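Trainee: So that you have it, the file is target-v1.txt, and it contains compact mmCIF, C-alpha atoms:
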```txt
# COMPACT_ATOMS: atom_id res chain seq x y z
CA MET W 90 110.63 114.63 145.46
CA LYS W 91 114.34 114.18 146.10
CA GLN W 92 115.53 110.59 145.65
CA LEU W 93 117.28 109.05 148.63
CA SER W 94 120.91 108.08 148.27
CA ARG W 95 121.88 104.42 148.49
CA GLN W 96 123.41 105.01 151.91
CA SER W 97 120.28 106.64 153.31
CA ARG W 98 117.84 104.00 152.09
CA ILE W 99 116.27 101.89 154.82
CA LYS W 100 117.70 98.44 155.08
CA ILE W 101 115.52 95.64 156.38
CA ALA W 102 117.27 93.52 158.96
CA PRO W 103 117.14 89.75 158.43
CA ARG W 104 114.78 89.27 161.37
CA ALA W 105 112.51 92.04 160.13
CA GLY W 106 112.44 90.40 156.70
CA SER W 107 111.49 87.11 158.30
CA LEU W 108 108.73 88.82 160.26
CA TYR W 109 107.44 90.40 157.06
CA SER W 110 107.37 86.99 155.35
CA ASP W 111 105.45 85.47 158.27
CA ILE W 112 102.85 88.25 158.32
CA HIS W 113 102.64 88.30 154.52
CA GLY W 114 101.87 84.58 154.57
CA LEU W 115 99.23 85.00 157.28
CA ILE W 116 97.45 87.75 155.35
CA LEU W 117 97.43 85.73 152.12
CA ALA W 118 96.18 82.62 153.94
CA ALA W 119 93.42 84.66 155.62
CA ARG W 120 92.29 86.15 152.31
CA GLN W 121 92.27 82.75 150.66
CA ALA W 122 90.23 81.38 153.57
CA VAL W 123 87.71 84.21 153.14
CA VAL W 124 87.40 83.44 149.41
CA ARG W 125 86.90 79.73 150.13
CA SER W 126 84.30 80.56 152.79
CA VAL W 127 82.41 82.84 150.41
CA ASN W 128 82.53 80.21 147.65
CA THR W 129 81.30 77.51 150.01
CA LEU W 130 78.47 79.70 151.25
CA GLN W 131 77.43 80.53 147.68
CA VAL W 132 77.40 76.87 146.64
CA LEU W 133 75.46 75.81 149.73
CA THR W 134 72.97 78.62 149.24
CA ASN W 135 72.42 77.72 145.59
CA TYR W 136 72.05 74.07 146.52
CA GLN W 137 69.40 74.97 149.11
CA ILE W 138 67.56 77.17 146.62
CA GLY W 139 67.52 74.31 144.12
CA ARG W 140 66.28 71.95 146.80
CA SER W 141 63.49 74.34 147.79
CA ILE W 142 62.34 74.62 144.18
CA VAL W 143 62.30 70.83 143.72
CA GLU W 144 60.41 70.28 146.99
CA HIS W 145 57.92 72.94 146.02
CA GLU W 146 57.32 71.16 142.70
CA GLN W 147 57.08 67.72 144.29
CA LYS W 148 54.48 68.86 146.80
CA GLY W 149 52.25 70.00 143.97
CA ARG W 150 52.34 73.67 144.86
CA TRP W 151 53.05 74.42 141.22
CA ARG W 152 50.87 72.69 138.69
CA ALA W 153 52.84 71.39 135.73
CA GLN W 154 51.32 73.86 133.29
CA TYR W 155 52.10 76.80 135.57
CA GLY W 156 55.52 75.68 136.80
CA GLN W 157 57.58 77.51 134.19
CA ARG W 158 55.61 80.73 134.61
CA ALA W 159 55.83 80.53 138.40
CA LEU W 160 59.59 80.00 138.27
CA SER W 161 59.91 82.94 135.87
CA GLU W 162 57.93 85.17 138.23
CA LEU W 163 60.09 84.01 141.15
CA ALA W 164 63.22 84.90 139.16
CA GLN W 165 61.87 88.38 138.41
CA ARG W 166 61.11 89.09 142.07
CA LEU W 167 64.48 87.79 143.29
CA THR W 168 66.35 89.67 140.57
CA MET W 169 64.63 92.93 141.49
CA GLU W 170 65.72 92.57 145.10
CA PHE W 171 69.06 90.70 144.89
CA GLY W 172 70.38 91.24 141.36
CA LYS W 173 71.03 89.24 138.19
CA GLY W 174 72.48 86.23 140.03
CA PHE W 175 68.91 84.92 140.42
CA SER W 176 67.77 85.00 136.81
CA LEU W 177 65.53 82.27 135.41
CA THR W 178 68.56 80.57 133.85
CA ASN W 179 70.42 80.55 137.17
CA LEU W 180 67.42 79.23 139.10
CA LYS W 181 67.17 76.36 136.61
CA LEU W 182 70.88 75.65 137.15
CA MET W 183 70.36 75.60 140.93
CA ARG W 184 67.48 73.19 140.51
CA GLN W 185 69.55 70.93 138.26
CA PHE W 186 72.50 71.19 140.66
CA TYR W 187 70.36 69.80 143.47
CA LEU W 188 69.00 67.02 141.28
CA THR W 189 72.48 65.89 140.22
CA ARG W 190 73.72 65.93 143.81
CA GLN W 191 70.82 64.62 145.87
CA SER W 192 71.88 60.96 145.70
CA ALA W 193 75.03 61.92 147.62
CA ILE W 194 73.18 63.97 150.21
CA ALA W 195 72.16 62.62 153.59
CA PRO W 196 68.41 63.22 154.01
CA VAL W 197 67.16 65.42 156.83
CA SER W 198 65.57 63.22 159.49
CA SER W 199 62.10 64.73 159.36
CA GLY W 200 60.09 67.71 158.25
CA PRO W 201 60.70 70.09 155.37
CA LEU W 202 64.08 71.51 154.50
CA SER W 203 65.42 73.85 157.17
CA SER W 204 65.69 77.42 155.97
CA LEU W 205 68.95 79.29 155.59
CA LYS W 206 67.34 82.29 157.25
CA GLY W 207 69.23 83.34 160.36
CA GLN W 208 72.19 81.07 159.70
CA THR W 209 75.73 82.39 159.56
CA ALA W 210 78.65 81.41 157.36
CA SER W 211 80.04 79.30 160.20
CA ASP W 212 76.74 77.41 160.39
CA LEU W 213 77.20 76.44 156.75
CA SER W 214 80.90 75.63 156.82
CA PRO W 215 81.78 72.04 155.81
CA LYS W 216 82.62 71.18 159.44
CA SER W 217 79.39 72.51 160.97
CA GLU W 218 76.56 70.32 162.25
CA THR W 219 74.11 71.96 159.84
CA ALA W 220 76.28 71.20 156.84
CA SER W 221 76.98 67.65 157.97
CA ARG W 222 73.24 66.95 158.08
CA MET W 223 72.87 68.27 154.55
CA LEU W 224 75.79 66.53 152.89
CA PRO W 225 78.29 63.87 153.99
CA LYS W 226 81.01 65.24 151.70
CA PRO W 227 81.39 69.04 151.66
CA PHE W 228 81.39 71.06 148.49
CA THR W 229 84.98 71.77 147.52
CA LEU W 230 84.75 73.82 144.32
CA SER W 231 83.40 77.16 143.24
CA TRP W 232 79.91 77.62 141.84
CA SER W 233 81.41 78.18 138.37
CA HIS W 234 83.06 74.75 138.56
CA TYR W 235 79.78 73.10 139.54
CA VAL W 236 77.86 74.87 136.77
CA PHE W 237 80.26 73.28 134.31
CA LEU W 238 80.02 69.85 135.99
CA ILE W 239 76.22 69.93 135.78
CA GLY W 240 76.64 69.47 132.03
CA VAL W 241 78.61 66.22 132.46
CA LYS W 242 75.93 63.58 131.99
CA ASN W 243 77.80 60.47 133.17
CA PRO W 244 77.64 60.46 137.02
CA ASP W 245 80.90 58.51 137.34
CA GLU W 246 82.69 60.87 134.99
CA ARG W 247 81.23 63.90 136.78
CA MET W 248 82.41 62.62 140.18
CA PHE W 249 85.87 61.88 138.77
CA TYR W 250 86.32 65.44 137.50
CA GLU W 251 85.06 66.87 140.79
CA LEU W 252 87.57 64.77 142.74
CA GLU W 253 90.47 65.64 140.44
CA ALA W 254 89.61 69.36 140.25
CA THR W 255 89.64 69.44 144.05
CA ALA W 256 92.81 67.38 144.50
CA GLN W 257 94.75 69.20 141.76
CA ASN W 258 93.29 72.64 142.51
CA TRP W 259 92.26 73.06 138.89
CA SER W 260 91.02 76.42 137.71
CA LEU W 261 87.79 76.40 135.71
CA ARG W 262 89.89 76.81 132.56
CA GLU W 263 92.00 73.74 133.41
CA LEU W 264 88.88 71.72 134.29
CA ARG W 265 87.43 72.52 130.88
CA ARG W 266 90.67 71.56 129.17
CA GLN W 267 90.89 68.21 130.98
CA PHE W 268 87.26 67.45 130.12
CA ASP W 269 87.72 68.48 126.47
CA SER W 270 90.82 66.27 126.26
CA SER W 271 88.72 63.32 127.58
CA LEU W 272 91.00 62.63 130.55
CA TYR W 273 88.47 60.26 132.13
CA GLU W 274 88.11 58.10 129.02
CA ARG W 275 91.87 58.08 128.34
CA LEU W 276 92.68 56.96 131.87
CA ALA W 277 89.88 54.40 131.82
CA LEU W 278 91.16 52.83 128.59
CA SER W 279 94.48 52.16 130.34
CA ARG W 280 92.85 50.28 133.23
CA ASN W 281 90.88 47.15 134.02
CA LYS W 282 87.20 47.25 134.94
CA LYS W 283 87.81 47.34 138.69
CA ALA W 284 90.23 50.24 138.33
CA ILE W 285 87.70 52.15 136.18
CA CYS W 286 85.18 51.98 139.02
CA SER W 287 87.84 53.30 141.37
CA LEU W 288 88.32 56.39 139.18
CA ALA W 289 84.81 57.59 140.03
CA LYS W 290 85.14 56.84 143.75
CA LYS W 291 88.70 57.95 144.46
CA GLY W 292 89.96 59.83 141.41
CA GLN W 293 93.35 59.00 139.95
CA ILE W 294 95.36 57.16 142.60
CA VAL W 295 99.05 56.72 141.69
CA GLU W 296 100.50 53.58 143.28
CA LYS W 297 102.21 51.84 140.35
CA SER W 298 103.56 52.74 136.94
CA GLN W 299 100.34 51.71 135.17
CA ASP W 300 98.45 54.39 137.15
CA LEU W 301 100.39 57.12 135.35
CA LEU W 302 99.47 56.02 131.85
CA LYS W 303 96.75 57.22 129.52
CA GLU W 304 95.97 56.59 125.85
CA PRO W 305 96.48 58.77 123.93
CA TYR W 306 98.42 61.73 125.35
CA VAL W 307 96.91 64.96 124.06
CA LEU W 308 99.38 67.74 123.24
CA GLU W 309 97.16 70.27 121.49
CA PHE W 310 98.56 73.03 123.70
CA LEU W 311 101.92 72.81 121.88
CA GLY W 312 100.49 74.67 118.90
CA LEU W 313 102.04 72.28 116.35
CA ASP W 314 100.10 71.60 113.18
CA GLU W 315 99.85 67.87 112.51
CA LYS W 316 99.63 68.50 108.76
CA GLN W 317 102.96 70.28 108.67
CA GLN W 318 106.42 68.73 108.86
CA TYR W 319 108.19 68.98 112.19
CA SER W 320 111.17 67.20 113.67
CA GLU W 321 111.64 65.44 117.01
CA THR W 322 113.71 68.47 118.06
CA ASP W 323 110.77 70.75 117.19
CA LEU W 324 108.47 68.57 119.30
CA GLU W 325 110.91 68.54 122.20
CA THR W 326 111.42 72.31 122.05
CA ALA W 327 107.66 72.92 121.99
CA ILE W 328 107.27 70.71 125.08
CA ILE W 329 110.00 72.60 126.95
CA ASP W 330 108.34 75.91 126.04
CA LYS W 331 105.05 74.58 127.46
CA ILE W 332 106.55 72.44 130.22
CA GLU W 333 103.91 73.38 132.81
CA SER W 334 101.08 72.29 130.51
CA PHE W 335 103.00 69.13 129.57
CA ILE W 336 103.47 68.18 133.24
CA LEU W 337 99.73 68.67 133.82
CA GLU W 338 99.05 66.36 130.89
CA MET W 339 101.50 63.77 132.22
CA GLY W 340 99.58 63.57 135.48
CA LYS W 341 100.22 63.66 139.20
CA GLY W 342 103.51 64.03 141.00
CA PHE W 343 105.82 64.88 138.08
CA LEU W 344 108.93 67.02 138.49
CA PHE W 345 111.03 68.02 135.48
CA GLU W 346 114.75 67.25 135.77
CA ALA W 347 116.52 67.45 132.43
CA ARG W 348 116.36 67.71 128.64
CA GLN W 349 118.77 65.67 126.51
CA LYS W 350 120.27 64.02 129.59
CA ARG W 351 123.62 62.58 128.56
CA PHE W 352 125.23 59.43 129.87
CA THR W 353 128.32 57.63 128.60
CA PHE W 354 129.71 54.14 128.63
CA ASP W 355 132.35 52.47 126.44
CA GLU W 356 133.16 55.97 125.14
CA ASP W 357 129.74 56.23 123.47
CA HIS W 358 127.38 59.07 124.37
CA PHE W 359 123.62 58.57 124.71
CA PHE W 360 120.91 61.18 125.25
CA VAL W 361 117.51 60.76 126.90
CA ASP W 362 115.04 63.26 125.45
CA LEU W 363 113.23 64.15 128.71
CA VAL W 364 113.90 63.06 132.29
CA PHE W 365 111.25 63.46 134.99
CA TYR W 366 110.96 62.35 138.57
CA ASN W 367 107.66 61.24 140.06
CA ARG W 368 107.53 62.05 143.75
CA LEU W 369 104.48 59.85 144.37
CA LEU W 370 106.13 56.70 143.03
CA ARG W 371 109.63 57.86 144.01
CA CYS W 372 111.16 56.91 140.68
CA TYR W 373 112.63 58.37 137.49
CA VAL W 374 110.43 58.57 134.41
CA LEU W 375 112.24 58.70 131.07
CA ILE W 376 110.49 59.90 127.91
CA ASP W 377 111.69 59.36 124.37
CA LEU W 378 109.91 61.24 121.57
CA LYS W 379 109.23 59.65 118.17
CA ILE W 380 107.42 61.50 115.41
CA GLY W 381 107.02 58.41 113.23
CA LYS W 382 105.83 54.85 113.62
CA LEU W 383 107.17 52.94 116.60
CA THR W 384 109.90 50.36 115.89
CA HIS W 385 111.43 47.58 117.96
CA GLN W 386 114.70 49.56 117.93
CA ASP W 387 112.91 52.40 119.76
CA LEU W 388 111.80 49.99 122.48
CA GLY W 389 115.26 48.44 122.75
CA GLN W 390 116.83 51.87 123.10
CA MET W 391 114.44 52.79 125.90
CA GLN W 392 115.18 49.48 127.62
CA MET W 393 118.87 50.43 127.61
CA TYR W 394 118.10 53.87 129.07
CA VAL W 395 116.00 52.35 131.85
CA ASN W 396 118.65 49.74 132.66
CA TYR W 397 121.31 52.45 132.91
CA PHE W 398 119.25 54.58 135.30
CA ASP W 399 118.38 51.56 137.43
CA GLN W 400 122.00 50.50 137.70
CA GLN W 401 123.82 53.84 137.80
CA VAL W 402 121.46 56.60 138.91
CA LYS W 403 118.63 55.49 141.18
CA THR W 404 119.22 54.81 144.86
CA LYS W 405 118.20 51.69 146.76
CA ALA W 406 115.33 53.59 148.35
CA GLU W 407 113.83 54.48 144.97
CA ARG W 408 111.59 52.37 142.79
CA PRO W 409 112.59 51.03 139.35
CA THR W 410 112.78 53.56 136.51
CA ILE W 411 109.81 53.89 134.14
CA GLY W 412 110.35 54.36 130.40
CA ILE W 413 107.70 55.85 128.11
CA VAL W 414 108.11 56.06 124.34
CA LEU W 415 105.75 58.72 122.99
CA CYS W 416 105.08 58.11 119.32
CA ARG W 417 102.67 59.18 116.62
CA LYS W 418 101.68 55.60 115.86
CA LYS W 419 102.29 52.35 117.71
CA HIS W 420 101.64 48.68 117.04
CA ASP W 421 100.43 46.77 120.10
CA ALA W 422 101.54 43.39 118.73
CA LEU W 423 105.04 44.74 118.17
CA VAL W 424 105.21 46.07 121.74
CA LYS W 425 103.99 42.76 123.15
CA ILE W 426 106.47 40.60 121.26
CA THR W 427 109.44 42.95 121.78
CA LEU W 428 109.23 43.68 125.50
CA PRO W 429 109.63 40.97 128.16
CA LYS W 430 106.67 40.38 130.46
CA GLY W 431 106.70 42.77 133.39
CA ALA W 432 109.02 45.27 131.68
CA ASN W 433 108.71 48.80 133.00
CA ILE W 434 108.66 50.14 129.44
CA HIS W 435 105.49 51.56 127.90
CA ALA W 436 104.65 52.79 124.40
CA ARG W 437 101.94 55.41 124.14
CA GLN W 438 100.58 57.45 121.26
CA TYR W 439 100.29 61.21 121.30
CA GLN W 440 98.16 63.50 119.20
CA LEU W 441 98.27 67.23 118.55
CA TYR W 442 94.52 67.84 118.60
CA LEU W 443 91.70 67.31 121.06
CA PRO W 444 90.20 63.83 120.73
CA ASP W 445 86.69 63.02 119.58
CA LYS W 446 85.01 62.53 122.96
CA GLU W 447 82.11 60.47 121.60
CA GLN W 448 84.49 58.20 119.72
CA LEU W 449 86.51 57.58 122.89
CA ARG W 450 83.35 56.93 124.89
CA GLN W 451 82.20 54.38 122.34
CA LYS W 452 85.63 52.76 122.41
CA LEU W 453 85.42 52.54 126.21
CA ILE W 454 81.94 50.98 126.04
CA GLU W 455 83.18 48.40 123.54
CA TRP W 456 86.27 47.69 125.67
CA GLN W 457 84.14 47.14 128.77
CA ALA W 458 81.73 44.89 126.83
CA ASP W 459 84.65 42.79 125.55
CA ALA W 460 86.09 42.53 129.06
CA GLU W 461 82.72 41.44 130.43
CA SER W 462 82.37 38.84 127.67
CA VAL W 463 85.79 37.38 128.44
CA LYS W 464 84.95 37.25 132.15
CA THR W 465 81.67 35.45 131.44
CA MET W 466 83.43 32.86 129.28
CA ASN W 467 86.05 32.26 131.95
CA ASP W 468 83.35 31.83 134.62
CA LYS W 469 81.63 29.14 132.55
CA ARG W 470 84.79 27.09 132.22
```
Could you render the structure as structure tokens?
Mentor:
Amino acid sequence: MKQLSRQSRIKIAPRAGSLYSDIHGLILAARQAVVRSVNTLQVLTNYQIGRSIVEHEQKGRWRAQYGQRALSELAQRLTMEFGKGFSLTNLKLMRQFYLTRQSAIAPVSSGPLSSLKGQTASDLSPKSETASRMLPKPFTLSWSHYVFLIGVKNPDERMFYELEATAQNWSLRELRRQFDSSLYERLALSRNKKAICSLAKKGQIVEKSQDLLKEPYVLEFLGLDEKQQYSETDLETAIIDKIESFILEMGKGFLFEARQKRFTFDEDHFFVDLVFYNRLLRCYVLIDLKIGKLTHQDLGQMQMYVNYFDQQVKTKAERPTIGIVLCRKKHDALVKITLPKGANIHARQYQLYLPDKEQLRQKLIEWQADAESVKTMNDKR
């Protein structure tokens, strides 16, 4: 086929290009809506199947000794007609899904569970009357997400990850990574008891600098070996190479602005390792990287950086700059005695491997017990 010359190629007029963009966007939005509708229908269907199984058990239609065999026979019949999605394993997951969710479900006023037979996708959409009778808060994730969440034993932790996966539009892979990195425990350890309760009810709400912090920061995605020698430049370069993953680890609302941001006064040059902007807090966030033990000089240097940005860079409409020193090892007593009360400077540890989840959970339990003990003592005074 003869190739067209440059002059004879069709040129798209600006208005035609705009029309294409509009239609392109509509088609993509429609396809995404179809996917969400199918996902919602699948989750609702599986929830109803689980509910039917539990009700059948509770009404004594299956004797305990025959329950497993009956469920296995049910799985065989459904699989023969509808495929492998209704295996014994999947039916057990649907049953468990209902059991983990039923406390959040508004009970039907009377009679047995209404059947899905004859209902359309619109009947089961989150805004429909049918759905609103079944659940006050619609399902917002895919079935694969919920299968993973079923395995999260702590109800508060499970609700937190569901809220965050929905708000942040996490893929299943990202949800797994955030769970494996113990995001819930790390955020909880940076908060008071009241704020921990809020995590399960509202997710991570960013209203002040403290809401951004977690302990420790987990940077396993950088691919650096903690046993090998690496420099602060190596660490910084690895972060830049994985900047998207690093921003996800930092939390909500972060925008990357600069690496090695230079500013000068009195003919001396200074460089901030990483400069971010948080659109939720409307403020700059400065990060200094330290591969060794934290020193008071590190904190003093960050205080200077923050002061400069507050005085020379930020506008009157923006909030005060936040400084975070990321270090391999910190000393809380040193931080407390070095920084003035109310300083917007924070020292946080990072690690290059996934944390021990059970160890963090135990630490959180101990922290909560200590906080409760202090509260009890104060109440008695």
Trainee: How many Å separate CA of Arg368 in chain W from CA of Ser231 in chain W?
Mentor: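 We find that CA of Arg368 in chain W and CA of Ser231 in chain W lie 28.5 Å from each other.
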Trainee: Residues within 10 Å of Thr189 in chain W, please, as an NGL selection string. Count all atoms listed in the file; anything in the same chain fewer than 2 positions from it doesn't count.
Mentor: :W and (183-187 or 191-193 or 238-242 or 244 or 247)
Trainee: Tell me which protein, DNA and RNA residues are within 10 Å of Thr229 in chain W, counting all atoms listed in the file, leaving out same-chain ones fewer than 5 positions away, and put them as a PyMOL selection string.
Mentor: chain W and resi 125+128-129+132+215+234-235+251-252+254-256+258
Trainee: Between CA of Pro305 in chain W and CA of Gln448 in chain W, what distance in Å does the model show, to one decimal?
Mentor: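 Atom-to-atom, CA of Pro305 in chain W to CA of Gln448 in chain W, that is 12.7 Å.
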Trainee: Report as a list of chain:residue names all protein, DNA and RNA residues lying within 12 Å of range 351-355 of chain W, evaluated on all atoms listed in the file, omitting residues in the same chain fewer than 2 positions from it.
Mentor: W:Ala347, W:Arg348, W:Gln349, W:Asp357, W:His358, W:Phe359, W:Phe360, W:Val361, W:Asp362, W:Leu363, W:Val364, W:Met393, W:Tyr394, W:Val395, W:Tyr397, W:Phe398, W:Gln401, W:Val402
Trainee: Can you tell me which residues surround range 421-429 of chain W at a distance of at most 8 Å, considering all atoms listed in the file, apart from same-chain residues fewer than 5 positions away, and format the answer as a list in words?
Mentor: Thr384, His385, Leu388, Ile434 and Ala436 of chain W
Trainee: Go through W:Asn433, W:Ser260, W:Ser110, W:Ser287 and flag the residue nearest Gln299 in chain W, using all atoms listed in the file for the distances.
Mentor: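 The answer is W:Asn433, which sits nearest to Gln299 in chain W.
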Trainee: Could you jot down the CA of Leu160 in chain W to CA of Val127 in chain W separation for me, Å, one decimal place?
Mentor: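 Distance between the two atoms: 26.0 Å.
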Trainee: Would you please work out which residue, of W:Gln147, W:Ser126, W:Ser233, W:Ser279, is nearest to Trp456 in chain W when using only C-alpha atoms?
Mentor: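 For Trp456 in chain W, the nearest of the given residues is W:Ser279.
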Trainee: Tell me which of W:Gln400, W:Tyr439, W:Asp445, W:Val374 sits closest to Gly412 in chain W, counting only C-alpha atoms.
Mentor: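 Closest to Gly412 in chain W of all the choices is W:Val374.
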Trainee: Assuming 4 Å of padding per side, give the centre and edge lengths of the axis-aligned box around every listed atom of range 419-422 of chain W, in Å to one decimal and as JSON.
Mentor:
```
{"center_x": 101.4, "center_y": 47.9, "center_z": 118.6, "size_x": 9.9, "size_y": 17.0, "size_z": 11.1}
```
Trainee: Around (96.2, 56.8, 133.7), as given in the file, which residues come within 8 Å? Count all atoms listed in the file and list them as a list in words.
Mentor: Arg275, Leu276, Ala277, Ser279, Arg280, Gln293, Gln299, Asp300, Leu301, Leu302, Lys303, Glu304 and Gly340 of chain W
Trainee: Pick out the residues sitting within 6 Å of Cys372 in chain W, and hand them over as a ChimeraX atom specification; count only C-alpha atoms, and ignore anything fewer than 5 positions along from it in its own chain.
Mentor: /W:366-367,407-408,410
Trainee: Tell me which of W:Gln131, W:Thr404, W:Gln438, W:Asn281 sits closest to Lys418 in chain W, counting all atoms listed in the file.
Mentor: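 Among the listed residues, the smallest separation from Lys418 in chain W belongs to W:Gln438.
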Trainee: Of the candidates W:Lys419, W:Ala159, W:Arg371, W:Glu274, which one gets nearest to Ile454 in chain W if we count only C-alpha atoms?
Mentor: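 Answer, going by the shortest atom-to-atom distance: W:Glu274.
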Trainee: Point out the residue among W:Tyr273, W:His145, W:Leu130, W:Gly292 with the least atom-to-atom distance to Leu230 in chain W, counting all atoms listed in the file.
Mentor: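 Looking at the shortest contact to Leu230 in chain W, the residue is W:Leu130.
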Trainee: Using the partial input, fill out range 134-145 of chain W with N, CA and C atoms; write the result as a compact mmCIF listing (two decimals), keeping the file's coordinate frame.
Mentor:
```txt
# COMPACT_ATOMS: atom_id res chain seq x y z
N THR W 134 74.19 77.84 149.44
CA THR W 134 72.97 78.62 149.24
C THR W 134 72.26 78.21 147.95
N ASN W 135 73.02 78.11 146.87
CA ASN W 135 72.42 77.72 145.59
C ASN W 135 71.87 76.31 145.63
N TYR W 136 72.56 75.42 146.36
CA TYR W 136 72.05 74.07 146.52
C TYR W 136 70.71 74.08 147.26
N GLN W 137 70.64 74.88 148.32
CA GLN W 137 69.40 74.97 149.11
C GLN W 137 68.26 75.57 148.29
N ILE W 138 68.59 76.57 147.48
CA ILE W 138 67.56 77.17 146.62
C ILE W 138 67.04 76.12 145.64
N GLY W 139 67.94 75.37 145.03
CA GLY W 139 67.52 74.31 144.12
C GLY W 139 66.66 73.28 144.81
N ARG W 140 67.04 72.94 146.03
CA ARG W 140 66.28 71.95 146.80
C ARG W 140 64.89 72.46 147.13
N SER W 141 64.79 73.74 147.48
CA SER W 141 63.49 74.34 147.79
C SER W 141 62.57 74.31 146.57
N ILE W 142 63.13 74.62 145.41
CA ILE W 142 62.34 74.62 144.18
C ILE W 142 61.82 73.22 143.88
N VAL W 143 62.70 72.21 144.00
CA VAL W 143 62.30 70.83 143.72
C VAL W 143 61.23 70.37 144.71
N GLU W 144 61.41 70.68 145.99
CA GLU W 144 60.41 70.28 146.99
C GLU W 144 59.08 70.96 146.73
N HIS W 145 59.15 72.21 146.32
CA HIS W 145 57.92 72.94 146.02
C HIS W 145 57.18 72.27 144.87
```
